[in-house]
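This is work.txt (compact mmCIF, N, CA and C atoms).
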# COMPACT_ATOMS: atom_id res chain seq x y z
N LYS V 38 3.20 -11.79 11.12
CA LYS V 38 4.10 -10.69 11.39
C LYS V 38 3.41 -9.38 11.06
N VAL V 39 3.87 -8.33 11.70
CA VAL V 39 3.30 -7.00 11.52
C VAL V 39 4.35 -6.11 10.86
N SER V 40 3.93 -5.36 9.85
CA SER V 40 4.86 -4.46 9.17
C SER V 40 5.14 -3.25 10.06
N ILE V 41 6.19 -2.51 9.72
CA ILE V 41 6.53 -1.30 10.47
C ILE V 41 5.37 -0.30 10.36
N VAL V 42 4.74 -0.23 9.21
CA VAL V 42 3.62 0.70 9.02
C VAL V 42 2.47 0.30 9.96
N ASP V 43 2.14 -0.99 9.99
CA ASP V 43 1.08 -1.46 10.88
C ASP V 43 1.43 -1.22 12.34
N LEU V 44 2.69 -1.49 12.70
CA LEU V 44 3.14 -1.28 14.08
C LEU V 44 3.00 0.19 14.48
N LEU V 45 3.46 1.09 13.62
CA LEU V 45 3.39 2.52 13.94
C LEU V 45 1.94 2.99 14.05
N LYS V 46 1.08 2.50 13.15
CA LYS V 46 -0.34 2.85 13.23
C LYS V 46 -0.94 2.36 14.54
N LEU V 47 -0.61 1.14 14.93
CA LEU V 47 -1.10 0.56 16.17
C LEU V 47 -0.67 1.41 17.37
N LEU V 48 0.54 1.97 17.30
CA LEU V 48 1.08 2.78 18.38
C LEU V 48 0.64 4.24 18.31
N GLY V 49 -0.10 4.60 17.25
CA GLY V 49 -0.55 5.98 17.09
C GLY V 49 0.55 6.92 16.62
N ILE V 50 1.52 6.36 15.90
CA ILE V 50 2.65 7.14 15.39
C ILE V 50 2.50 7.27 13.88
N ASP V 51 2.79 8.44 13.33
CA ASP V 51 2.73 8.70 11.90
C ASP V 51 3.57 7.64 11.17
N SER V 52 2.98 6.97 10.18
CA SER V 52 3.68 5.91 9.47
C SER V 52 4.08 6.30 8.05
N SER V 53 3.94 7.58 7.70
CA SER V 53 4.30 8.02 6.36
C SER V 53 5.80 7.83 6.12
N LEU V 54 6.21 7.81 4.87
CA LEU V 54 7.62 7.63 4.54
C LEU V 54 8.46 8.73 5.17
N ALA V 55 7.98 9.96 5.12
CA ALA V 55 8.74 11.08 5.72
C ALA V 55 8.92 10.86 7.22
N ALA V 56 7.87 10.40 7.88
CA ALA V 56 7.95 10.15 9.33
C ALA V 56 8.88 8.98 9.62
N ARG V 57 8.85 7.95 8.77
CA ARG V 57 9.74 6.82 8.98
C ARG V 57 11.20 7.21 8.74
N LYS V 58 11.44 8.11 7.78
CA LYS V 58 12.81 8.62 7.57
C LYS V 58 13.31 9.32 8.83
N LYS V 59 12.46 10.17 9.40
CA LYS V 59 12.83 10.91 10.61
C LYS V 59 13.04 9.95 11.77
N LEU V 60 12.16 8.98 11.93
CA LEU V 60 12.27 8.01 13.00
C LEU V 60 13.54 7.19 12.86
N ALA V 61 13.87 6.80 11.64
CA ALA V 61 15.10 6.04 11.39
C ALA V 61 16.32 6.85 11.82
N ALA V 62 16.32 8.13 11.51
CA ALA V 62 17.43 9.00 11.91
C ALA V 62 17.51 9.10 13.43
N GLU V 63 16.36 9.27 14.09
CA GLU V 63 16.33 9.40 15.55
C GLU V 63 16.80 8.13 16.25
N LEU V 64 16.52 6.97 15.64
CA LEU V 64 16.88 5.70 16.25
C LEU V 64 18.20 5.14 15.69
N ASN V 65 18.88 5.95 14.88
CA ASN V 65 20.15 5.54 14.26
C ASN V 65 20.03 4.25 13.47
N VAL V 66 18.96 4.13 12.70
CA VAL V 66 18.77 2.98 11.82
C VAL V 66 19.29 3.38 10.44
N ASN V 67 20.38 2.76 10.03
CA ASN V 67 21.03 3.12 8.77
C ASN V 67 21.07 1.95 7.80
N ALA V 68 20.06 1.10 7.82
CA ALA V 68 20.02 -0.07 6.95
C ALA V 68 19.24 0.24 5.68
N GLY V 69 19.83 0.01 4.54
CA GLY V 69 19.13 0.16 3.27
C GLY V 69 18.68 1.57 2.96
N GLU V 70 18.00 1.67 1.83
CA GLU V 70 17.45 2.95 1.39
C GLU V 70 16.17 3.24 2.16
N HIS V 71 15.82 4.52 2.28
CA HIS V 71 14.58 4.89 2.96
C HIS V 71 13.40 4.21 2.28
N GLY V 72 12.58 3.56 3.07
CA GLY V 72 11.40 2.88 2.55
C GLY V 72 11.65 1.47 2.05
N SER V 73 12.92 1.04 2.05
CA SER V 73 13.23 -0.31 1.57
C SER V 73 12.82 -1.34 2.60
N ALA V 74 12.67 -2.58 2.16
CA ALA V 74 12.33 -3.67 3.08
C ALA V 74 13.40 -3.79 4.15
N GLU V 75 14.66 -3.66 3.75
CA GLU V 75 15.77 -3.77 4.70
C GLU V 75 15.66 -2.72 5.81
N GLN V 76 15.40 -1.48 5.43
CA GLN V 76 15.28 -0.44 6.44
C GLN V 76 14.02 -0.64 7.28
N ASN V 77 12.91 -1.03 6.66
CA ASN V 77 11.67 -1.23 7.41
C ASN V 77 11.82 -2.32 8.46
N ILE V 78 12.52 -3.39 8.12
CA ILE V 78 12.75 -4.48 9.08
C ILE V 78 13.62 -3.99 10.22
N ALA V 79 14.68 -3.26 9.90
CA ALA V 79 15.58 -2.73 10.93
C ALA V 79 14.85 -1.72 11.81
N LEU V 80 14.01 -0.90 11.21
CA LEU V 80 13.25 0.09 11.96
C LEU V 80 12.23 -0.59 12.87
N HIS V 81 11.61 -1.65 12.40
CA HIS V 81 10.66 -2.42 13.20
C HIS V 81 11.36 -2.95 14.45
N LYS V 82 12.54 -3.54 14.27
CA LYS V 82 13.31 -4.07 15.40
C LYS V 82 13.69 -2.96 16.37
N ALA V 83 14.09 -1.80 15.85
CA ALA V 83 14.50 -0.69 16.70
C ALA V 83 13.32 -0.15 17.51
N VAL V 84 12.15 -0.08 16.90
CA VAL V 84 10.96 0.40 17.61
C VAL V 84 10.59 -0.58 18.72
N LEU V 85 10.62 -1.89 18.41
CA LEU V 85 10.31 -2.88 19.45
C LEU V 85 11.32 -2.82 20.58
N GLN V 86 12.60 -2.60 20.27
CA GLN V 86 13.64 -2.48 21.29
C GLN V 86 13.36 -1.26 22.18
N LYS V 87 12.99 -0.15 21.55
CA LYS V 87 12.70 1.08 22.30
C LYS V 87 11.50 0.86 23.21
N LEU V 88 10.50 0.14 22.73
CA LEU V 88 9.35 -0.18 23.56
C LEU V 88 9.77 -1.02 24.75
N ALA V 89 10.60 -2.02 24.53
CA ALA V 89 11.08 -2.89 25.61
C ALA V 89 11.86 -2.09 26.65
N GLU V 90 12.68 -1.16 26.18
CA GLU V 90 13.47 -0.32 27.09
C GLU V 90 12.59 0.56 27.96
N ASN V 91 11.38 0.84 27.49
CA ASN V 91 10.46 1.72 28.20
C ASN V 91 9.32 0.94 28.85
N GLY V 92 9.55 -0.32 29.15
CA GLY V 92 8.55 -1.12 29.83
C GLY V 92 7.29 -1.35 29.02
N GLY V 93 7.42 -1.36 27.71
CA GLY V 93 6.27 -1.60 26.84
C GLY V 93 5.45 -0.36 26.55
N LYS V 94 5.85 0.77 27.09
CA LYS V 94 5.13 2.02 26.84
C LYS V 94 5.82 2.79 25.73
N VAL V 95 5.02 3.46 24.91
CA VAL V 95 5.57 4.27 23.83
C VAL V 95 6.17 5.53 24.43
N PRO V 96 7.50 5.73 24.30
CA PRO V 96 8.11 6.93 24.85
C PRO V 96 7.63 8.18 24.12
N ASP V 97 7.53 9.29 24.84
CA ASP V 97 7.09 10.55 24.23
C ASP V 97 7.95 10.93 23.04
N SER V 98 9.24 10.56 23.07
CA SER V 98 10.15 10.93 21.99
C SER V 98 9.75 10.27 20.65
N LEU V 99 9.01 9.18 20.69
CA LEU V 99 8.57 8.53 19.46
C LEU V 99 7.24 9.03 18.98
N LYS V 100 6.47 9.65 19.85
CA LYS V 100 5.12 10.09 19.50
C LYS V 100 5.10 11.25 18.54
N GLY V 101 6.17 12.02 18.50
CA GLY V 101 6.27 13.11 17.56
C GLY V 101 5.48 14.32 17.84

With the file now loaded, output its structure as structure tokens.
Amino acid sequence: KVSIVDLLKLLGIDSSLAARKKLAAELNVNAGEHGSAEQNIALHKAVLQKLAENGGKVPDSLKG
């Protein structure tokens, strides 16, 4: 399995906690505390869903 940090790095997206907080807000991920395993798992799923919705391409809105 790949962590949310690894996934974001692979996609060329800032993986810092501040960036993940912002991304969680943009994707309406409200699971757990910021940086928690619960939120990271939910954020990972949301990013993969967003990729699927965009035909596997990283949408400009996620690139920051």

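Note that CA of Asn91 in chain V and CA of Val66 in chain V are 18.4 Å apart.
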
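In this structure, CA of Lys100 in chain V sits 11.6 Å away from atom N of Leu47 in chain V.
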
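Closest to Ala68 in chain V among V:Leu88, V:Val39, V:Ala83, V:Ala55 is V:Ala83, based on only C-alpha atoms.
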
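By chain and then residue number, the residues within 12 Å of range 95-98 of chain V are Leu44, Leu45, Leu47, Leu48, Gly49, Ile50, Lys59, Leu60, Glu63, Leu64, Val84, Leu85, Gln86, Lys87, Leu88 and Ala89 of chain V, counting only C-alpha atoms and disregarding those fewer than 6 positions away in sequence.
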
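From atom C of Glu90 in chain V back to atom N of His71 in chain V, the distance works out to 26.2 Å.
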
The centre and edge lengths of an axis-aligned box containing all atoms of range 57-67 of chain V present in the file, extended by 8 Å on each side, are to be given in Å to one decimal, as AutoDock Vina command-line options.
--center_x 15.0 --center_y 6.4 --center_z 11.9 --size_x 28.2 --size_y 25.0 --size_z 24.7

Contacts of Gly72 in chain V at 7 Å (all atoms listed in the file; same-chain gap of 3+ positions) as a CSV table (one decimal) with N, CA and C atoms, keeping the file's coordinate frame:
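To be explicit, this is the file written out as out.csv:
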chain,number,residue,atom,x,y,z
V,54,LEU,N,6.2,7.8,4.9
V,54,LEU,CA,7.6,7.6,4.5
V,54,LEU,C,8.5,8.7,5.2
V,57,ARG,N,8.8,8.0,8.8
V,57,ARG,CA,9.7,6.8,9.0
V,57,ARG,C,11.2,7.2,8.7
V,58,LYS,N,11.4,8.1,7.8
V,58,LYS,CA,12.8,8.6,7.6
V,58,LYS,C,13.3,9.3,8.8
V,69,GLY,N,19.8,0.0,4.5
V,69,GLY,CA,19.1,0.2,3.3
V,69,GLY,C,18.7,1.6,3.0
V,75,GLU,N,14.7,-3.7,3.8
V,75,GLU,CA,15.8,-3.8,4.7
V,75,GLU,C,15.7,-2.7,5.8
V,76,GLN,N,15.4,-1.5,5.4
V,76,GLN,CA,15.3,-0.4,6.4
V,76,GLN,C,14.0,-0.6,7.3
V,77,ASN,N,12.9,-1.0,6.7
V,77,ASN,CA,11.7,-1.2,7.4
V,77,ASN,C,11.8,-2.3,8.5

Backbone-only DSSP, alpha helix (DSSP H) members of chain V, as a ChimeraX atom specification: /V:41-48,54-63,74-90,97-100

Take the structure in the block and write a file for range 58-74 of chain V, all heavy atoms, as a PDB file, in the first residue's frame.
ATOM      1  N   LYS V  58      -3.964  19.513   4.873  1.00  0.00           N
ATOM      2  CA  LYS V  58      -5.122  20.160   5.509  1.00  0.00           C
ATOM      3  C   LYS V  58      -5.962  20.886   4.463  1.00  0.00           C
ATOM      4  O   LYS V  58      -7.182  20.771   4.428  1.00  0.00           O
ATOM      5  CB  LYS V  58      -4.666  21.184   6.562  1.00  0.00           C
ATOM      6  CG  LYS V  58      -4.191  20.605   7.852  1.00  0.00           C
ATOM      7  CD  LYS V  58      -3.814  21.742   8.795  1.00  0.00           C
ATOM      8  CE  LYS V  58      -3.301  21.254  10.107  1.00  0.00           C
ATOM      9  NZ  LYS V  58      -2.963  22.375  11.019  1.00  0.00           N
ATOM     10  N   LYS V  59      -5.287  21.632   3.594  1.00  0.00           N
ATOM     11  CA  LYS V  59      -5.976  22.380   2.543  1.00  0.00           C
ATOM     12  C   LYS V  59      -6.660  21.430   1.570  1.00  0.00           C
ATOM     13  O   LYS V  59      -7.816  21.636   1.184  1.00  0.00           O
ATOM     14  CB  LYS V  59      -4.966  23.273   1.805  1.00  0.00           C
ATOM     15  CG  LYS V  59      -5.588  24.141   0.751  1.00  0.00           C
ATOM     16  CD  LYS V  59      -4.550  25.038   0.089  1.00  0.00           C
ATOM     17  CE  LYS V  59      -5.181  25.838  -1.023  1.00  0.00           C
ATOM     18  NZ  LYS V  59      -4.195  26.625  -1.764  1.00  0.00           N
ATOM     19  N   LEU V  60      -5.976  20.372   1.172  1.00  0.00           N
ATOM     20  CA  LEU V  60      -6.533  19.394   0.255  1.00  0.00           C
ATOM     21  C   LEU V  60      -7.753  18.706   0.865  1.00  0.00           C
ATOM     22  O   LEU V  60      -8.762  18.500   0.189  1.00  0.00           O
ATOM     23  CB  LEU V  60      -5.463  18.360  -0.122  1.00  0.00           C
ATOM     24  CG  LEU V  60      -5.832  17.329  -1.168  1.00  0.00           C
ATOM     25  CD1 LEU V  60      -6.236  17.994  -2.485  1.00  0.00           C
ATOM     26  CD2 LEU V  60      -4.671  16.374  -1.383  1.00  0.00           C
ATOM     27  N   ALA V  61      -7.670  18.375   2.146  1.00  0.00           N
ATOM     28  CA  ALA V  61      -8.801  17.750   2.837  1.00  0.00           C
ATOM     29  C   ALA V  61     -10.017  18.670   2.803  1.00  0.00           C
ATOM     30  O   ALA V  61     -11.143  18.221   2.554  1.00  0.00           O
ATOM     31  CB  ALA V  61      -8.432  17.403   4.273  1.00  0.00           C
ATOM     32  N   ALA V  62      -9.798  19.958   3.025  1.00  0.00           N
ATOM     33  CA  ALA V  62     -10.900  20.926   2.984  1.00  0.00           C
ATOM     34  C   ALA V  62     -11.487  21.006   1.577  1.00  0.00           C
ATOM     35  O   ALA V  62     -12.715  21.005   1.411  1.00  0.00           O
ATOM     36  CB  ALA V  62     -10.420  22.299   3.447  1.00  0.00           C
ATOM     37  N   GLU V  63     -10.624  21.041   0.561  1.00  0.00           N
ATOM     38  CA  GLU V  63     -11.082  21.139  -0.827  1.00  0.00           C
ATOM     39  C   GLU V  63     -11.875  19.911  -1.262  1.00  0.00           C
ATOM     40  O   GLU V  63     -12.816  20.016  -2.049  1.00  0.00           O
ATOM     41  CB  GLU V  63      -9.891  21.339  -1.767  1.00  0.00           C
ATOM     42  CG  GLU V  63      -9.244  22.699  -1.650  1.00  0.00           C
ATOM     43  CD  GLU V  63      -7.977  22.828  -2.475  1.00  0.00           C
ATOM     44  OE1 GLU V  63      -7.691  21.946  -3.306  1.00  0.00           O
ATOM     45  OE2 GLU V  63      -7.248  23.821  -2.267  1.00  0.00           O
ATOM     46  N   LEU V  64     -11.508  18.743  -0.722  1.00  0.00           N
ATOM     47  CA  LEU V  64     -12.167  17.494  -1.104  1.00  0.00           C
ATOM     48  C   LEU V  64     -13.253  17.083  -0.099  1.00  0.00           C
ATOM     49  O   LEU V  64     -13.790  15.987  -0.187  1.00  0.00           O
ATOM     50  CB  LEU V  64     -11.130  16.376  -1.245  1.00  0.00           C
ATOM     51  CG  LEU V  64     -10.096  16.560  -2.352  1.00  0.00           C
ATOM     52  CD1 LEU V  64      -9.069  15.427  -2.323  1.00  0.00           C
ATOM     53  CD2 LEU V  64     -10.766  16.650  -3.718  1.00  0.00           C
ATOM     54  N   ASN V  65     -13.544  17.974   0.854  1.00  0.00           N
ATOM     55  CA  ASN V  65     -14.557  17.712   1.886  1.00  0.00           C
ATOM     56  C   ASN V  65     -14.288  16.432   2.659  1.00  0.00           C
ATOM     57  O   ASN V  65     -15.201  15.650   2.928  1.00  0.00           O
ATOM     58  CB  ASN V  65     -15.964  17.685   1.274  1.00  0.00           C
ATOM     59  CG  ASN V  65     -16.376  19.026   0.737  1.00  0.00           C
ATOM     60  OD1 ASN V  65     -16.137  20.054   1.363  1.00  0.00           O
ATOM     61  ND2 ASN V  65     -16.972  19.038  -0.438  1.00  0.00           N
ATOM     62  N   VAL V  66     -13.037  16.217   3.018  1.00  0.00           N
ATOM     63  CA  VAL V  66     -12.652  15.075   3.847  1.00  0.00           C
ATOM     64  C   VAL V  66     -12.631  15.555   5.290  1.00  0.00           C
ATOM     65  O   VAL V  66     -11.819  16.395   5.656  1.00  0.00           O
ATOM     66  CB  VAL V  66     -11.269  14.515   3.434  1.00  0.00           C
ATOM     67  CG1 VAL V  66     -10.810  13.450   4.406  1.00  0.00           C
ATOM     68  CG2 VAL V  66     -11.323  13.985   2.016  1.00  0.00           C
ATOM     69  N   ASN V  67     -13.562  15.051   6.079  1.00  0.00           N
ATOM     70  CA  ASN V  67     -13.707  15.502   7.463  1.00  0.00           C
ATOM     71  C   ASN V  67     -13.513  14.364   8.459  1.00  0.00           C
ATOM     72  O   ASN V  67     -14.144  14.347   9.506  1.00  0.00           O
ATOM     73  CB  ASN V  67     -15.086  16.136   7.657  1.00  0.00           C
ATOM     74  CG  ASN V  67     -15.291  17.332   6.765  1.00  0.00           C
ATOM     75  OD1 ASN V  67     -14.476  18.239   6.755  1.00  0.00           O
ATOM     76  ND2 ASN V  67     -16.356  17.330   6.001  1.00  0.00           N
ATOM     77  N   ALA V  68     -12.661  13.410   8.138  1.00  0.00           N
ATOM     78  CA  ALA V  68     -12.421  12.259   9.005  1.00  0.00           C
ATOM     79  C   ALA V  68     -11.235  12.521   9.915  1.00  0.00           C
ATOM     80  O   ALA V  68     -10.160  12.871   9.445  1.00  0.00           O
ATOM     81  CB  ALA V  68     -12.175  11.015   8.156  1.00  0.00           C
ATOM     82  N   GLY V  69     -11.413  12.368  11.200  1.00  0.00           N
ATOM     83  CA  GLY V  69     -10.311  12.471  12.150  1.00  0.00           C
ATOM     84  C   GLY V  69      -9.657  13.836  12.213  1.00  0.00           C
ATOM     85  O   GLY V  69     -10.059  14.783  11.555  1.00  0.00           O
ATOM     86  N   GLU V  70      -8.625  13.891  13.039  1.00  0.00           N
ATOM     87  CA  GLU V  70      -7.843  15.119  13.195  1.00  0.00           C
ATOM     88  C   GLU V  70      -6.885  15.261  12.017  1.00  0.00           C
ATOM     89  O   GLU V  70      -6.484  14.271  11.412  1.00  0.00           O
ATOM     90  CB  GLU V  70      -7.034  15.061  14.497  1.00  0.00           C
ATOM     91  CG  GLU V  70      -7.880  15.001  15.749  1.00  0.00           C
ATOM     92  CD  GLU V  70      -8.655  16.275  15.991  1.00  0.00           C
ATOM     93  OE1 GLU V  70      -8.099  17.373  15.782  1.00  0.00           O
ATOM     94  OE2 GLU V  70      -9.829  16.176  16.386  1.00  0.00           O
ATOM     95  N   HIS V  71      -6.483  16.498  11.723  1.00  0.00           N
ATOM     96  CA  HIS V  71      -5.525  16.728  10.641  1.00  0.00           C
ATOM     97  C   HIS V  71      -4.246  15.946  10.916  1.00  0.00           C
ATOM     98  O   HIS V  71      -3.703  16.004  12.007  1.00  0.00           O
ATOM     99  CB  HIS V  71      -5.207  18.216  10.492  1.00  0.00           C
ATOM    100  CG  HIS V  71      -6.353  19.009   9.977  1.00  0.00           C
ATOM    101  ND1 HIS V  71      -6.918  18.792   8.743  1.00  0.00           N
ATOM    102  CD2 HIS V  71      -7.062  20.011  10.536  1.00  0.00           C
ATOM    103  CE1 HIS V  71      -7.918  19.636   8.555  1.00  0.00           C
ATOM    104  NE2 HIS V  71      -8.027  20.376   9.632  1.00  0.00           N
ATOM    105  N   GLY V  72      -3.814  15.196   9.931  1.00  0.00           N
ATOM    106  CA  GLY V  72      -2.594  14.413  10.057  1.00  0.00           C
ATOM    107  C   GLY V  72      -2.784  13.048  10.680  1.00  0.00           C
ATOM    108  O   GLY V  72      -1.844  12.274  10.748  1.00  0.00           O
ATOM    109  N   SER V  73      -3.998  12.742  11.140  1.00  0.00           N
ATOM    110  CA  SER V  73      -4.253  11.443  11.766  1.00  0.00           C
ATOM    111  C   SER V  73      -4.316  10.354  10.711  1.00  0.00           C
ATOM    112  O   SER V  73      -4.546  10.617   9.526  1.00  0.00           O
ATOM    113  CB  SER V  73      -5.563  11.470  12.557  1.00  0.00           C
ATOM    114  OG  SER V  73      -6.674  11.545  11.669  1.00  0.00           O
ATOM    115  N   ALA V  74      -4.124   9.118  11.143  1.00  0.00           N
ATOM    116  CA  ALA V  74      -4.219   7.983  10.221  1.00  0.00           C
ATOM    117  C   ALA V  74      -5.604   7.946   9.586  1.00  0.00           C
ATOM    118  O   ALA V  74      -5.735   7.693   8.388  1.00  0.00           O
ATOM    119  CB  ALA V  74      -3.931   6.687  10.963  1.00  0.00           C
TER     120      ALA V  74
END
